[in-house]
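The data block below is final21.txt; it holds compact mmCIF, C-alpha atoms.
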# COMPACT_ATOMS: atom_id res chain seq x y z
CA MET A 1 10.78 6.16 37.39
CA ALA A 2 8.02 8.27 35.89
CA ASP A 3 8.64 11.70 34.34
CA ASP A 4 6.80 13.59 37.07
CA LYS A 5 8.72 11.79 39.81
CA ILE A 6 12.02 12.70 38.13
CA PHE A 7 10.85 16.27 37.65
CA SER A 8 9.96 16.56 41.31
CA LYS A 9 13.39 15.26 42.36
CA VAL A 10 15.17 17.56 39.92
CA LYS A 11 13.11 20.47 41.23
CA ASP A 12 14.12 19.67 44.83
CA ILE A 13 17.80 19.65 43.86
CA VAL A 14 17.52 22.93 41.94
CA VAL A 15 15.72 24.59 44.85
CA GLU A 16 18.38 23.41 47.28
CA GLN A 17 21.44 24.09 45.11
CA LEU A 18 20.44 27.48 43.72
CA GLY A 19 18.43 28.68 46.70
CA VAL A 20 15.37 29.54 44.59
CA ASP A 21 11.63 29.20 45.26
CA GLU A 22 9.85 26.02 44.25
CA GLY A 23 7.39 28.11 42.23
CA GLU A 24 10.23 29.38 40.02
CA VAL A 25 11.10 25.91 38.76
CA ALA A 26 9.11 24.59 35.79
CA MET A 27 10.04 22.17 33.00
CA SER A 28 11.00 25.04 30.68
CA THR A 29 13.07 26.90 33.31
CA SER A 30 16.58 27.80 32.15
CA PHE A 31 19.21 27.62 34.90
CA VAL A 32 21.20 30.55 33.54
CA ASN A 33 18.53 32.82 32.03
CA ASP A 34 15.72 32.28 34.53
CA LEU A 35 17.51 31.38 37.74
CA GLY A 36 20.73 33.36 37.32
CA ALA A 37 23.03 30.35 37.71
CA ASP A 38 26.68 30.74 36.68
CA SER A 39 28.85 28.04 35.11
CA LEU A 40 30.03 26.77 38.51
CA ASP A 41 26.45 26.54 39.80
CA ILE A 42 25.72 24.33 36.81
CA VAL A 43 28.71 22.12 37.63
CA GLU A 44 27.46 21.68 41.21
CA LEU A 45 23.92 21.07 39.98
CA ILE A 46 25.14 18.37 37.61
CA MET A 47 27.14 16.74 40.42
CA ALA A 48 24.04 16.68 42.64
CA MET A 49 22.02 15.09 39.81
CA GLU A 50 24.67 12.41 39.35
CA GLU A 51 24.48 11.57 43.02
CA GLU A 52 20.69 11.58 43.20
CA PHE A 53 20.11 9.42 40.11
CA ASP A 54 23.33 7.40 40.32
CA ILE A 55 24.39 8.26 36.77
CA GLU A 56 27.49 9.78 35.24
CA ILE A 57 27.21 12.97 33.19
CA PRO A 58 30.43 13.71 31.25
CA ASP A 59 31.37 17.34 30.35
CA GLU A 60 30.23 16.91 26.78
CA ASP A 61 26.68 15.99 27.86
CA ALA A 62 26.67 18.51 30.70
CA GLU A 63 27.51 21.29 28.25
CA SER A 64 24.24 20.68 26.38
CA ILE A 65 22.10 20.83 29.52
CA GLY A 66 20.45 24.24 29.94
CA THR A 67 16.94 23.69 31.27
CA VAL A 68 15.09 21.54 33.80
CA GLU A 69 13.59 19.63 30.89
CA ASP A 70 17.09 18.86 29.55
CA VAL A 71 17.94 17.23 32.88
CA VAL A 72 14.69 15.25 33.09
CA SER A 73 15.04 13.84 29.58
CA TYR A 74 18.75 13.09 30.15
CA VAL A 75 17.96 11.18 33.34
CA LEU A 76 15.15 9.27 31.61
CA LYS A 77 17.52 8.30 28.81
CA LYS A 78 20.24 7.14 31.21
CA MET A 79 18.11 5.18 33.66
CA MET B 1 66.30 34.67 52.97
CA SER B 2 66.21 32.78 49.70
CA LEU B 3 63.10 31.82 47.79
CA PRO B 4 61.26 28.75 49.10
CA SER B 5 60.51 25.86 46.75
CA LEU B 6 57.03 25.14 45.39
CA LYS B 7 55.45 21.71 45.88
CA ILE B 8 52.58 20.54 43.67
CA GLY B 9 51.73 16.88 44.24
CA ASP B 10 55.03 15.00 43.99
CA LEU B 11 56.71 17.82 42.06
CA THR B 12 59.10 20.27 43.66
CA ALA B 13 60.11 23.40 41.80
CA ARG B 14 63.27 24.88 43.27
CA VAL B 15 62.03 28.36 42.36
CA PRO B 16 58.31 29.01 43.11
CA ILE B 17 57.70 30.71 39.78
CA MET B 18 55.46 29.26 37.10
CA GLN B 19 55.56 30.81 33.63
CA GLY B 20 52.01 31.53 32.50
CA GLY B 21 50.80 29.62 29.47
CA MET B 22 50.49 32.06 26.58
CA ALA B 23 48.59 31.11 23.46
CA VAL B 24 48.66 31.02 20.54
CA ARG B 25 52.25 29.71 20.26
CA ILE B 26 53.86 32.37 22.48
CA SER B 27 55.01 29.99 25.22
CA MET B 28 56.29 26.92 23.42
CA ALA B 29 59.10 24.40 24.02
CA LYS B 30 62.01 26.85 24.19
CA LEU B 31 60.45 29.28 26.67
CA ALA B 32 59.00 26.53 28.88
CA ALA B 33 62.33 24.67 28.92
CA ALA B 34 64.28 27.83 29.74
CA VAL B 35 62.06 28.52 32.76
CA ALA B 36 62.30 24.87 33.86
CA ASN B 37 66.09 25.02 33.54
CA GLU B 38 66.18 27.92 36.01
CA GLY B 39 64.22 25.86 38.55
CA GLY B 40 60.76 27.20 37.77
CA ILE B 41 57.81 25.57 36.03
CA GLY B 42 57.52 26.04 32.26
CA LEU B 43 54.16 25.79 30.53
CA ILE B 44 53.58 25.06 26.86
CA ALA B 45 50.46 26.81 25.54
CA ALA B 46 48.20 24.19 23.98
CA SER B 47 45.18 26.32 23.05
CA GLY B 48 44.83 26.91 19.33
CA ILE B 49 47.13 24.09 18.24
CA LYS B 50 46.48 20.42 17.46
CA PRO B 51 47.75 17.46 19.49
CA PRO B 52 50.63 16.57 17.09
CA GLU B 53 52.14 20.07 17.45
CA LEU B 54 51.70 19.89 21.21
CA ILE B 55 53.40 16.48 21.38
CA GLU B 56 56.28 17.79 19.25
CA ASN B 57 56.73 20.72 21.66
CA ILE B 58 56.57 18.54 24.76
CA ARG B 59 59.29 16.29 23.32
CA GLU B 60 61.43 19.25 22.28
CA ALA B 61 61.12 20.77 25.76
CA ARG B 62 62.09 17.43 27.34
CA SER B 63 65.19 17.33 25.15
CA LEU B 64 66.17 20.79 26.44
CA THR B 65 65.56 20.33 30.16
CA ASP B 66 65.16 17.87 33.02
CA GLY B 67 63.02 20.46 34.82
CA ILE B 68 59.27 20.69 35.28
CA ILE B 69 57.22 21.05 32.09
CA GLY B 70 53.45 21.39 31.98
CA ILE B 71 50.82 22.51 29.53
CA ASN B 72 48.23 25.26 29.77
CA VAL B 73 44.97 24.79 27.90
CA MET B 74 41.59 26.52 27.73
CA VAL B 75 38.60 24.34 28.59
CA ALA B 76 36.75 26.42 25.96
CA VAL B 77 38.63 24.91 23.00
CA LYS B 78 37.04 21.96 21.22
CA GLU B 79 40.35 20.08 21.23
CA PHE B 80 40.52 20.34 25.05
CA ALA B 81 39.99 16.63 25.72
CA ASN B 82 42.40 15.53 22.98
CA LEU B 83 45.10 17.96 24.07
CA VAL B 84 44.85 16.92 27.73
CA LYS B 85 44.88 13.22 26.85
CA ALA B 86 47.85 13.66 24.49
CA ALA B 87 49.81 15.48 27.21
CA ILE B 88 49.02 12.78 29.78
CA LYS B 89 50.20 10.14 27.33
CA GLU B 90 53.45 12.08 26.91
CA ARG B 91 53.81 11.93 30.71
CA ILE B 92 53.58 15.68 31.14
CA ASP B 93 54.40 16.93 34.68
CA LEU B 94 51.24 18.97 35.21
CA ILE B 95 48.19 20.37 33.44
CA VAL B 96 46.95 23.90 34.03
CA ALA B 97 43.50 24.77 32.66
CA GLY B 98 41.44 27.94 32.54
CA ALA B 99 38.60 29.61 30.60
CA GLY B 100 35.96 27.15 31.73
CA PHE B 101 35.58 24.32 34.20
CA SER B 102 36.01 20.67 33.24
CA ARG B 103 35.12 17.92 35.68
CA ASP B 104 36.29 15.25 33.25
CA ALA B 105 39.82 16.67 33.31
CA PHE B 106 40.10 15.95 37.05
CA LYS B 107 39.25 12.33 36.31
CA TRP B 108 41.62 11.96 33.34
CA CYS B 109 44.47 13.53 35.30
CA ALA B 110 43.80 11.38 38.38
CA GLU B 111 43.85 8.24 36.20
CA GLY B 112 47.03 9.40 34.47
CA LYS B 113 48.59 10.44 37.80
CA VAL B 114 49.21 13.95 36.50
CA PRO B 115 48.60 16.93 38.83
CA PHE B 116 45.69 19.05 37.62
CA VAL B 117 45.77 22.77 38.38
CA PRO B 118 42.70 24.87 37.51
CA ILE B 119 42.93 28.64 37.07
CA ILE B 120 40.29 30.26 39.26
CA SER B 121 39.18 33.74 40.33
CA SER B 122 36.71 32.98 43.14
CA GLU B 123 36.46 31.03 46.39
CA LYS B 124 33.62 29.02 44.93
CA ALA B 125 35.79 27.74 42.08
CA ALA B 126 38.73 27.17 44.44
CA LYS B 127 36.64 25.07 46.84
CA LEU B 128 35.06 23.06 44.03
CA SER B 129 38.51 22.45 42.53
CA GLU B 130 39.84 21.17 45.85
CA ARG B 131 36.80 18.95 46.32
CA LEU B 132 37.33 17.42 42.87
CA GLY B 133 40.99 16.66 43.57
CA ALA B 134 42.98 19.61 42.22
CA SER B 135 46.67 19.47 43.19
CA ALA B 136 46.85 23.27 43.39
CA VAL B 137 45.02 26.28 42.01
CA VAL B 138 46.25 29.31 40.09
CA LEU B 139 44.44 32.36 41.43
CA GLU B 140 44.16 35.01 38.73
CA GLY B 141 43.03 38.50 39.69
CA LYS B 142 41.95 41.30 37.38
CA GLU B 143 45.54 42.40 36.70
CA ALA B 144 46.18 39.31 34.57
CA GLY B 145 46.59 39.20 30.81
CA GLY B 146 44.56 37.44 28.16
CA HIS B 147 41.22 35.95 29.16
CA LEU B 148 40.02 37.14 32.55
CA GLY B 149 37.88 35.43 35.18
CA THR B 150 37.34 38.78 36.89
CA THR B 151 37.66 42.39 35.76
CA HIS B 152 36.97 44.05 39.10
CA GLU B 153 38.79 42.16 41.85
CA SER B 154 42.51 42.49 42.39
CA THR B 155 44.75 39.48 42.98
CA TRP B 156 45.58 41.02 46.37
CA GLU B 157 41.90 41.25 47.34
CA ILE B 158 41.02 37.68 46.36
CA LEU B 159 44.17 35.95 47.64
CA PRO B 160 43.41 36.17 51.41
CA ARG B 161 39.95 34.71 50.83
CA ILE B 162 41.30 31.80 48.80
CA VAL B 163 43.96 31.15 51.47
CA LYS B 164 41.13 30.83 54.00
CA SER B 165 39.01 28.61 51.73
CA VAL B 166 41.34 25.83 50.62
CA GLY B 167 44.26 23.74 51.89
CA ILE B 168 45.92 23.03 48.54
CA PRO B 169 48.81 25.19 47.27
CA ILE B 170 47.78 28.53 45.77
CA ILE B 171 49.74 30.08 42.93
CA ALA B 172 49.07 33.81 42.77
CA ALA B 173 48.81 35.37 39.31
CA GLY B 174 47.88 38.70 37.78
CA GLY B 175 50.05 41.75 38.35
CA ILE B 176 53.12 39.85 39.53
CA LEU B 177 56.15 41.50 37.98
CA HIS B 178 58.93 41.97 40.51
CA GLY B 179 60.55 40.08 43.37
CA ALA B 180 58.69 42.30 45.84
CA ASP B 181 55.38 41.07 44.38
CA ILE B 182 56.53 37.48 44.96
CA ALA B 183 57.47 38.36 48.54
CA ARG B 184 54.06 39.94 49.06
CA ALA B 185 52.17 36.94 47.62
CA LEU B 186 54.14 34.43 49.70
CA SER B 187 53.75 36.51 52.86
CA MET B 188 49.98 36.39 52.30
CA GLY B 189 49.91 32.61 52.08
CA ALA B 190 50.50 31.81 48.41
CA SER B 191 52.89 28.93 47.71
CA GLY B 192 54.13 30.38 44.44
CA VAL B 193 53.39 32.81 41.64
CA GLN B 194 52.56 32.63 37.97
CA MET B 195 53.93 35.30 35.65
CA GLY B 196 52.99 35.83 32.01
CA SER B 197 53.89 39.28 30.70
CA ARG B 198 57.47 39.26 31.99
CA PHE B 199 58.19 35.98 30.19
CA ALA B 200 56.26 37.10 27.09
CA VAL B 201 58.92 39.75 26.62
CA SER B 202 61.86 37.35 26.85
CA GLU B 203 64.41 36.22 24.29
CA GLU B 204 62.96 32.70 24.41
CA SER B 205 59.32 33.69 23.87
CA ASN B 206 58.13 32.42 20.51
CA ALA B 207 56.76 35.70 19.11
CA ASP B 208 58.00 38.01 16.37
CA ILE B 209 60.20 40.91 17.45
CA ALA B 210 57.42 43.34 16.38
CA TRP B 211 55.06 41.64 18.88
CA LYS B 212 57.60 41.96 21.69
CA GLN B 213 58.32 45.56 20.69
CA ALA B 214 54.57 46.35 20.84
CA LEU B 215 54.59 45.18 24.46
CA ILE B 216 57.72 47.14 25.35
CA ASN B 217 56.28 50.29 23.75
CA ALA B 218 52.87 49.86 25.40
CA LYS B 219 52.08 52.54 27.96
CA PRO B 220 49.40 51.92 30.60
CA GLU B 221 46.88 53.85 28.48
CA ASP B 222 47.54 51.57 25.50
CA VAL B 223 46.17 48.58 27.39
CA THR B 224 42.47 47.85 27.06
CA LEU B 225 39.76 45.28 27.70
CA ILE B 226 37.96 43.58 24.82
CA GLU B 227 35.24 40.95 24.49
CA SER B 228 36.68 37.64 23.34
CA PRO B 229 34.64 35.23 21.19
CA VAL B 230 35.30 32.75 24.01
CA GLY B 231 32.62 34.65 25.94
CA MET B 232 35.03 36.25 28.41
CA PRO B 233 36.67 39.64 28.65
CA ALA B 234 40.36 39.79 27.76
CA ARG B 235 43.18 42.30 28.14
CA ALA B 236 45.11 43.36 25.06
CA VAL B 237 47.32 46.08 23.62
CA MET B 238 45.47 48.71 21.55
CA THR B 239 46.57 47.55 18.10
CA GLU B 240 44.85 48.66 14.91
CA PHE B 241 42.87 45.41 15.06
CA VAL B 242 41.53 46.33 18.49
CA LYS B 243 40.70 49.90 17.38
CA ASN B 244 38.64 48.50 14.50
CA LEU B 245 37.00 45.99 16.81
CA LYS B 246 35.97 48.74 19.21
CA ALA B 247 34.69 50.91 16.36
CA HIS B 248 32.67 48.20 14.58
CA GLY B 249 31.92 45.60 17.24
CA ASP B 250 33.34 42.84 15.08
CA ASN B 251 36.29 42.14 12.81
CA LYS B 252 35.45 39.29 10.49
CA PRO B 253 38.57 37.89 8.86
CA LYS B 254 38.56 36.28 5.43
CA ILE B 255 39.45 32.80 6.61
CA ARG B 256 37.79 29.43 6.77
CA CYS B 257 36.28 28.85 10.22
CA VAL B 258 37.38 25.54 11.71
CA SER B 259 35.01 25.96 14.71
CA CYS B 260 37.81 25.59 17.22
CA LEU B 261 35.76 26.78 20.23
CA LYS B 262 32.95 24.85 21.91
CA ASP B 263 30.83 27.99 21.92
CA CYS B 264 32.12 30.88 19.77
CA LYS B 265 30.55 34.36 19.77
CA LYS B 266 31.95 34.81 16.24
CA ASN B 267 32.59 38.57 16.58
CA TYR B 268 36.08 37.80 15.24
CA CYS B 269 38.39 34.80 15.03
CA ILE B 270 40.44 34.70 18.22
CA ILE B 271 42.95 32.09 17.04
CA ASP B 272 43.57 33.88 13.73
CA ALA B 273 43.96 37.28 15.44
CA LEU B 274 46.36 35.95 18.11
CA GLU B 275 48.43 34.04 15.55
CA LYS B 276 48.67 37.09 13.26
CA GLY B 277 49.72 39.20 16.25
CA ARG B 278 52.37 36.65 17.17
CA GLN B 279 53.75 36.83 13.64
CA GLY B 280 54.12 40.58 14.02
CA ASP B 281 51.08 41.63 11.93
CA LEU B 282 49.77 44.24 14.36
CA LYS B 283 47.33 45.65 11.82
CA ASN B 284 45.32 42.43 11.79
CA GLY B 285 46.55 40.90 15.01
CA LEU B 286 45.79 40.75 18.68
CA VAL B 287 48.46 41.09 21.39
CA PHE B 288 47.39 39.97 24.86
CA CYS B 289 49.15 41.42 27.91
CA GLY B 290 48.83 41.96 31.64
CA GLU B 291 47.81 45.22 33.29
CA ARG B 292 51.36 46.20 34.27
CA ILE B 293 52.94 45.71 30.85
CA GLY B 294 53.96 49.41 30.84
CA GLU B 295 56.58 48.60 33.49
CA ILE B 296 58.44 46.15 31.23
CA LYS B 297 61.10 48.02 29.28
CA GLU B 298 63.44 45.46 27.79
CA ILE B 299 63.68 42.02 26.31
CA LEU B 300 65.69 39.82 28.67
CA SER B 301 66.72 36.18 28.68
CA VAL B 302 64.82 33.88 31.04
CA LYS B 303 68.06 33.39 32.98
CA GLU B 304 68.33 37.15 33.61
CA ILE B 305 64.64 37.48 34.45
CA ILE B 306 64.77 34.78 37.12
CA LYS B 307 68.12 35.99 38.47
CA ASN B 308 66.63 39.49 38.87
CA LEU B 309 63.49 38.14 40.53
CA VAL B 310 65.49 36.11 43.04
CA GLN B 311 67.65 39.15 43.89
CA GLU B 312 64.64 41.44 44.19
CA TYR B 313 62.91 38.90 46.41
CA GLU B 314 65.92 38.65 48.70
CA GLN B 315 66.08 42.42 48.96
CA ALA B 316 62.37 42.63 49.71
CA VAL B 317 62.51 40.12 52.57
CA SER B 318 65.81 41.30 54.05
CA PRO B 319 65.49 43.17 57.39
CA VAL B 320 65.56 46.51 55.57
CA GLY B 321 63.15 45.30 52.91
CA ILE B 322 59.54 46.37 52.83
CA TYR B 323 58.03 42.94 53.36
CA GLY B 324 60.68 41.60 55.74
Could I get this file's structure written as structure tokens?
Amino acid sequence: MADDKIFSKVKDIVVEQLGVDEGEVAMSTSFVNDLGADSLDIVELIMAMEEEFDIEIPDEDAESIGTVEDVVSYVLKKM
Amino acid sequence: MSLPSLKIGDLTARVPIMQGGMAVRISMAKLAAAVANEGGIGLIAASGIKPPELIENIREARSLTDGIIGINVMVAVKEFANLVKAAIKERIDLIVAGAGFSRDAFKWCAEGKVPFVPIISSEKAAKLSERLGASAVVLEGKEAGGHLGTTHESTWEILPRIVKSVGIPIIAAGGILHGADIARALSMGASGVQMGSRFAVSEESNADIAWKQALINAKPEDVTLIESPVGMPARAVMTEFVKNLKAHGDNKPKIRCVSCLKDCKKNYCIIDALEKGRQGDLKNGLVFCGERIGEIKEILSVKEIIKNLVQEYEQAVSPVGIYG
């Protein structure tokens, strides 16, 4: 899967999970600082990513994910 | 009417009272075993210690009781995974975890067939916990001691919402001190309660007498909220350490940092401050407590504490009682 395809899927999930506008989600967007997500939002976001991309993201890896770009590069690495 | 039992997974506690896990080294083998011996659930505090010390305490507690023994551990400590795995290997009865949310822990506990009980302060966390397979949740309101998930919502405000949100047992915590509080929690749909402060000031609690005396002497105005390096607010007694912290914003100790937290704010060393407090060094130490600590006036044995609670509960639910 190409980067932009992954980005677009990640964006869809973020929009749905956090209830934000598509325009607010860019590669550099931070879930906490830019979108106001709390730690539980992040957990739910990570779970949705696991389901979408059929990968497993353990706590240790999840704890280092802060931005949309972090998710995209993690998915690329795992797929 | 006598107290109902508390069921968590396959466990049944004759008395629906869980002793709150109190770190560092306040609730260890002796306190946990004493509570378990009275029919409640005893928790060994695992935060701030290493797996070998935890294992030693689990084994000591087992030698003292056939009752229910669990551990309490903060997700925020770096040793979290190792402590949880060590406890599962020791065939611990249950694992209670707060100060963070770990999805991995649900998996490890499910594989090890150990009930996992997250500490939560919101419906969102309660629902997510149930969805991930939690055996029960501990609901902590703002009245609780130590690290707090909320500083503005009372246990009594949140409890009804959690009761509506999930089907798993709910253990109410924060501001539970007397039998009447237990009666109130159970009447609102909780399956049990967790109590910290009352057991902190017990004969079996593993703190120096000066630490216990600081809690007995504490008046409501001596209790304050501070920022913990864990990244959460916490409730503590106004010791000299806390006064300095409030005056300067930090309190750097002269010790070697072992980076024990996953993400430390480094305004002071939480483990060092709690351990010094426990040893009775109130000048350099931190003493955590619940909001109602001012109502605790004497050091009692666990046996007396639970006997009193059972009596108070029975009085509260009797036809002339207030919650009958």
Check: Could you list, as a count of residues only, every residue of chain B that has an atom within 12 Å of an atom of chain A, counting all atoms listed in the file?
Finding: 32
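Counting from atom CA of Ile293 of chain B, the distance to atom CA of Asn244 of chain B is 21.9 Å.
When atom CA of Glu314 of chain B is paired with atom CA of Gly290 of chain B, their separation reads 24.4 Å.
Note that atom CA of Ala273 of chain B and atom CA of Ala200 of chain B are 16.9 Å apart.
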Can you give me N, CA and C atoms for segment 149-173 of chain B, written as an mmCIF file, in the coordinates of the input?
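For reference, rebuild-v5.cif as written:
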data_model
loop_
_atom_site.group_PDB
_atom_site.id
_atom_site.type_symbol
_atom_site.label_atom_id
_atom_site.label_comp_id
_atom_site.auth_asym_id
_atom_site.auth_seq_id
_atom_site.Cartn_x
_atom_site.Cartn_y
_atom_site.Cartn_z
ATOM 1 N N GLY B 149 38.996 35.958 34.389
ATOM 2 C CA GLY B 149 37.880 35.430 35.180
ATOM 3 C C GLY B 149 37.205 36.531 35.971
ATOM 4 N N THR B 150 37.923 37.638 36.198
ATOM 5 C CA THR B 150 37.340 38.780 36.890
ATOM 6 C C THR B 150 37.937 40.060 36.320
ATOM 7 N N THR B 151 37.126 41.112 36.239
ATOM 8 C CA THR B 151 37.660 42.390 35.760
ATOM 9 C C THR B 151 37.580 43.445 36.865
ATOM 10 N N HIS B 152 37.114 43.040 38.044
ATOM 11 C CA HIS B 152 36.970 44.050 39.100
ATOM 12 C C HIS B 152 37.684 43.714 40.402
ATOM 13 N N GLU B 153 38.140 42.480 40.583
ATOM 14 C CA GLU B 153 38.790 42.160 41.850
ATOM 15 C C GLU B 153 40.280 41.882 41.683
ATOM 16 N N SER B 154 41.065 42.612 42.449
ATOM 17 C CA SER B 154 42.510 42.490 42.390
ATOM 18 C C SER B 154 42.978 41.149 42.972
ATOM 19 N N THR B 155 44.092 40.674 42.452
ATOM 20 C CA THR B 155 44.750 39.480 42.980
ATOM 21 C C THR B 155 44.907 39.604 44.503
ATOM 22 N N TRP B 156 45.286 40.806 44.945
ATOM 23 C CA TRP B 156 45.580 41.020 46.370
ATOM 24 C C TRP B 156 44.308 41.011 47.224
ATOM 25 N N GLU B 157 43.161 41.316 46.602
ATOM 26 C CA GLU B 157 41.900 41.250 47.340
ATOM 27 C C GLU B 157 41.410 39.814 47.459
ATOM 28 N N ILE B 158 41.565 39.044 46.372
ATOM 29 C CA ILE B 158 41.020 37.680 46.360
ATOM 30 C C ILE B 158 41.903 36.715 47.149
ATOM 31 N N LEU B 159 43.228 36.906 47.048
ATOM 32 C CA LEU B 159 44.170 35.950 47.640
ATOM 33 C C LEU B 159 43.872 35.579 49.103
ATOM 34 N N PRO B 160 43.657 36.545 49.997
ATOM 35 C CA PRO B 160 43.410 36.170 51.410
ATOM 36 C C PRO B 160 42.174 35.272 51.558
ATOM 37 N N ARG B 161 41.170 35.522 50.739
ATOM 38 C CA ARG B 161 39.950 34.710 50.830
ATOM 39 C C ARG B 161 40.186 33.287 50.344
ATOM 40 N N ILE B 162 41.006 33.139 49.314
ATOM 41 C CA ILE B 162 41.300 31.800 48.800
ATOM 42 C C ILE B 162 42.156 31.048 49.840
ATOM 43 N N VAL B 163 43.090 31.763 50.453
ATOM 44 C CA VAL B 163 43.960 31.150 51.470
ATOM 45 C C VAL B 163 43.093 30.578 52.595
ATOM 46 N N LYS B 164 42.039 31.303 52.951
ATOM 47 C CA LYS B 164 41.130 30.830 54.000
ATOM 48 C C LYS B 164 40.265 29.662 53.551
ATOM 49 N N SER B 165 39.984 29.584 52.245
ATOM 50 C CA SER B 165 39.010 28.610 51.730
ATOM 51 C C SER B 165 39.553 27.223 51.455
ATOM 52 N N VAL B 166 40.826 27.131 51.043
ATOM 53 C CA VAL B 166 41.340 25.830 50.620
ATOM 54 C C VAL B 166 42.692 25.494 51.282
ATOM 55 N N GLY B 167 43.006 24.190 51.298
ATOM 56 C CA GLY B 167 44.260 23.740 51.890
ATOM 57 C C GLY B 167 45.328 23.393 50.864
ATOM 58 N N ILE B 168 44.945 23.363 49.586
ATOM 59 C CA ILE B 168 45.920 23.030 48.540
ATOM 60 C C ILE B 168 46.772 24.262 48.213
ATOM 61 N N PRO B 169 47.955 24.037 47.590
ATOM 62 C CA PRO B 169 48.810 25.190 47.270
ATOM 63 C C PRO B 169 48.110 26.181 46.337
ATOM 64 N N ILE B 170 48.356 27.459 46.587
ATOM 65 C CA ILE B 170 47.780 28.530 45.770
ATOM 66 C C ILE B 170 48.909 29.244 45.049
ATOM 67 N N ILE B 171 48.756 29.376 43.731
ATOM 68 C CA ILE B 171 49.740 30.080 42.930
ATOM 69 C C ILE B 171 49.108 31.403 42.523
ATOM 70 N N ALA B 172 49.665 32.500 43.017
ATOM 71 C CA ALA B 172 49.070 33.810 42.770
ATOM 72 C C ALA B 172 49.481 34.331 41.395
ATOM 73 N N ALA B 173 48.530 34.873 40.655
ATOM 74 C CA ALA B 173 48.810 35.370 39.310
ATOM 75 C C ALA B 173 48.005 36.628 39.027
#
